[in-house]
Amino acid sequence: MIDKKTYRAPRNRTLVLDKNETERLRSKLLYVSNSDKLSQDIVIDKIICADLFDIINNLPKQFADLIVLDPPYNLNKDFHGLRFNQLSDENYYKYLQKWFDKILKTLKPNGSIYLCGDWKNSHILYQVARQFLTVRNRVTWQREKGRGAKANWKNACEDIWFATLGEDYYFDIDAVKQKRKVIAPYRVNGAPKDWQESAEGAFRLTYPSNFWDDITVPYWSMSENTDHPTQKPEKLIAKLILASCPKNGVVFDPFLGSGTSAVVAKKLGRSFVGIELNETYCLWAQKRLLNSNIDTSIQGYSDGVFWERNSLTFQKSAKVKPAVKQNDLFALKVDI
């Protein structure tokens, strides 16, 4: 009899682990304890399977160009057996304060940090961040998923706070330009003004704002999808990395989850360090890293720009290309 809980439709591309590959993937993880001193050489390009709070004082200092910080939101949430219980605002603030400054010791003096949250905990993240950092902006990204609520507004967005240690920090706005459809093409002497004609239609390259409405949340038909309950999209993390981590720099994610930050960093030619307590999530992340040796594409990112949602044709028959040199990483034009 088929187990309905584990049965997946033929077109479902959610990542699964083969029993035969589990040990091989496990051998690639870095298991450490609170007595292990960790040098930069040991942790670079590694997924560390450990409790962050056991090893936080043993992490190397000032190794990260960028920290992507996505701690548990202040919600009741079951992470496949590891449960986070909602706290009062005051206690959630204390929870963050206990370890926040210790995480910052891993950041280079010119480094940046992005803090992810939702409407319930975003204001608390801001209050903690402003004690230690210069908070520069709040990015709000549209998270179109779910059926909504009958007695409240549907929660369809999340926040990401952008902050730096100092005034000298890396930021490459040209690396995150967006290609938008031109609704009313304007011409001067018959020639396009501030837009381009192409086989895909009329588009304009624009600088991004702090509201992102082009993100597709991972779901069953996307190869990046896992069963993690709060997985971030690769396209979302790609924007953070391209803007705030130089090539060959290091991205650090202390709450790695299913590995999106590490996978995207690798695809974009950066190094990574990820920490995750749940071994199953670590194994998913490790498999995704191996898969990135074959498929280096990021949905919605092609030809060096980010495309609007649904503005690229989804090529069901597109062939996966092997890993190649950095300039050719984004040859696949695939989007949902």
# chains A, B, ... in the order shown; residues from 1 in each chain; ligands from 1
>>> select_by_dssp(residues="region 93-318 of chain A", states="strand (DSSP E)", output="ChimeraX atom specification")
/A:107-117,134-142,157-164,178-181,187-188,191-192,196-198,201-206,211-212,250-253,271-276,301-302,305-307
>>> closest_residue(among="A:Leu66, A:Leu38, A:Ala202, A:Ile56", to="Lys102 (chain A)", atoms="only C-alpha atoms")
A:Ile56
>>> closest_atom_pairs(of="region 63-150 of chain A", to="region 154-162 of chain A", cutoff="8 Å", atoms="only C-alpha atoms", output="JSON lines")
{"residue": "A:Ser112", "atom": "CA", "partner": "A:Phe162", "partner_atom": "CA", "distance": 7.4}
{"residue": "A:Ile113", "atom": "CA", "partner": "A:Phe162", "partner_atom": "CA", "distance": 6.1}
{"residue": "A:Tyr114", "atom": "CA", "partner": "A:Phe162", "partner_atom": "CA", "distance": 4.8}
{"residue": "A:Leu115", "atom": "CA", "partner": "A:Trp161", "partner_atom": "CA", "distance": 5.0}
{"residue": "A:Cys116", "atom": "CA", "partner": "A:Ile160", "partner_atom": "CA", "distance": 4.5}
{"residue": "A:Gly117", "atom": "CA", "partner": "A:Asp159", "partner_atom": "CA", "distance": 5.3}
{"residue": "A:Asp118", "atom": "CA", "partner": "A:Glu158", "partner_atom": "CA", "distance": 4.6}
{"residue": "A:Trp119", "atom": "CA", "partner": "A:Glu158", "partner_atom": "CA", "distance": 6.7}
{"residue": "A:Ser122", "atom": "CA", "partner": "A:Asp159", "partner_atom": "CA", "distance": 6.6}
{"residue": "A:Leu125", "atom": "CA", "partner": "A:Trp161", "partner_atom": "CA", "distance": 8.0}
{"residue": "A:Tyr126", "atom": "CA", "partner": "A:Trp161", "partner_atom": "CA", "distance": 7.2}
{"residue": "A:Val135", "atom": "CA", "partner": "A:Phe162", "partner_atom": "CA", "distance": 6.0}
{"residue": "A:Arg136", "atom": "CA", "partner": "A:Phe162", "partner_atom": "CA", "distance": 5.6}
{"residue": "A:Asn137", "atom": "CA", "partner": "A:Phe162", "partner_atom": "CA", "distance": 5.2}
{"residue": "A:Arg138", "atom": "CA", "partner": "A:Trp161", "partner_atom": "CA", "distance": 4.5}
{"residue": "A:Val139", "atom": "CA", "partner": "A:Ile160", "partner_atom": "CA", "distance": 5.0}
{"residue": "A:Thr140", "atom": "CA", "partner": "A:Asp159", "partner_atom": "CA", "distance": 4.5}
{"residue": "A:Trp141", "atom": "CA", "partner": "A:Cys157", "partner_atom": "CA", "distance": 5.4}
{"residue": "A:Gln142", "atom": "CA", "partner": "A:Cys157", "partner_atom": "CA", "distance": 4.3}
{"residue": "A:Arg143", "atom": "CA", "partner": "A:Cys157", "partner_atom": "CA", "distance": 4.7}
{"residue": "A:Glu144", "atom": "CA", "partner": "A:Ala156", "partner_atom": "CA", "distance": 5.3}
{"residue": "A:Lys145", "atom": "CA", "partner": "A:Ala156", "partner_atom": "CA", "distance": 6.8}
{"residue": "A:Arg147", "atom": "CA", "partner": "A:Lys154", "partner_atom": "CA", "distance": 7.7}
{"residue": "A:Gly148", "atom": "CA", "partner": "A:Lys154", "partner_atom": "CA", "distance": 4.4}
{"residue": "A:Ala149", "atom": "CA", "partner": "A:Lys154", "partner_atom": "CA", "distance": 5.5}
>>> residues_around(residues="Gln62 (chain A)", least_positions_apart="3", cutoff="7 Å", atoms="only C-alpha atoms", output="list of chain:residue names")
A:Lys105, A:Thr106, A:Leu107, A:Lys108
>>> write_last_selection(atoms="C-alpha atoms", output="mmCIF file, in the first residue's frame")
data_model
loop_
_atom_site.group_PDB
_atom_site.id
_atom_site.type_symbol
_atom_site.label_atom_id
_atom_site.label_comp_id
_atom_site.auth_asym_id
_atom_site.auth_seq_id
_atom_site.Cartn_x
_atom_site.Cartn_y
_atom_site.Cartn_z
ATOM 1 C CA LYS A 105 32.038 38.938 16.072
ATOM 2 C CA THR A 106 32.206 36.710 12.980
ATOM 3 C CA LEU A 107 31.584 39.689 10.679
ATOM 4 C CA LYS A 108 34.390 41.611 8.986
#
>>> closest_atom_pairs(of="region 179-271 of chain A", to="region 283-289 of chain A", cutoff="7 Å", atoms="only C-alpha atoms", output="tab-separated table")
residue	atom	partner	partner_atom	distance
A:Ser258	CA	A:Ala285	CA	4.9
A:Gly259	CA	A:Ala285	CA	4.2
A:Val263	CA	A:Leu289	CA	5.4
>>> select_by_dssp(residues="region 63-103 of chain A", states="helix (DSSP H, G or I)", output="list of chain:residue names")
A:Asp89, A:Glu90, A:Asn91, A:Tyr92, A:Tyr93, A:Lys94, A:Tyr95, A:Leu96, A:Gln97, A:Lys98, A:Trp99, A:Phe100, A:Asp101, A:Lys102, A:Ile103
>>> write_last_selection(atoms="N, CA and C atoms", output="compact mmCIF listing (two decimals), in the first residue's frame")
# COMPACT_ATOMS: atom_id res chain seq x y z
N ASP A 89 6.80 39.25 23.55
CA ASP A 89 7.74 40.15 22.86
C ASP A 89 8.97 40.41 23.72
N GLU A 90 8.76 40.59 25.01
CA GLU A 90 9.87 40.87 25.91
C GLU A 90 10.85 39.72 25.96
N ASN A 91 10.34 38.49 26.04
CA ASN A 91 11.22 37.32 26.13
C ASN A 91 11.88 37.00 24.79
N TYR A 92 11.19 37.30 23.69
CA TYR A 92 11.83 37.09 22.39
C TYR A 92 12.98 38.09 22.21
N TYR A 93 12.78 39.29 22.70
CA TYR A 93 13.85 40.30 22.68
C TYR A 93 15.05 39.81 23.49
N LYS A 94 14.80 39.23 24.65
CA LYS A 94 15.88 38.71 25.48
C LYS A 94 16.57 37.53 24.80
N TYR A 95 15.79 36.70 24.13
CA TYR A 95 16.34 35.56 23.40
C TYR A 95 17.34 36.03 22.34
N LEU A 96 16.98 37.05 21.59
CA LEU A 96 17.87 37.58 20.57
C LEU A 96 19.10 38.24 21.18
N GLN A 97 18.90 38.98 22.24
CA GLN A 97 20.00 39.70 22.88
C GLN A 97 21.09 38.78 23.42
N LYS A 98 20.71 37.57 23.81
CA LYS A 98 21.66 36.64 24.43
C LYS A 98 22.80 36.27 23.49
N TRP A 99 22.51 36.26 22.18
CA TRP A 99 23.52 35.75 21.25
C TRP A 99 23.84 36.70 20.10
N PHE A 100 23.09 37.76 19.94
CA PHE A 100 23.24 38.60 18.75
C PHE A 100 24.64 39.19 18.62
N ASP A 101 25.17 39.76 19.68
CA ASP A 101 26.49 40.39 19.60
C ASP A 101 27.59 39.36 19.37
N LYS A 102 27.37 38.13 19.81
CA LYS A 102 28.36 37.07 19.59
C LYS A 102 28.42 36.69 18.10
N ILE A 103 27.27 36.70 17.44
CA ILE A 103 27.24 36.44 16.00
C ILE A 103 28.00 37.52 15.25
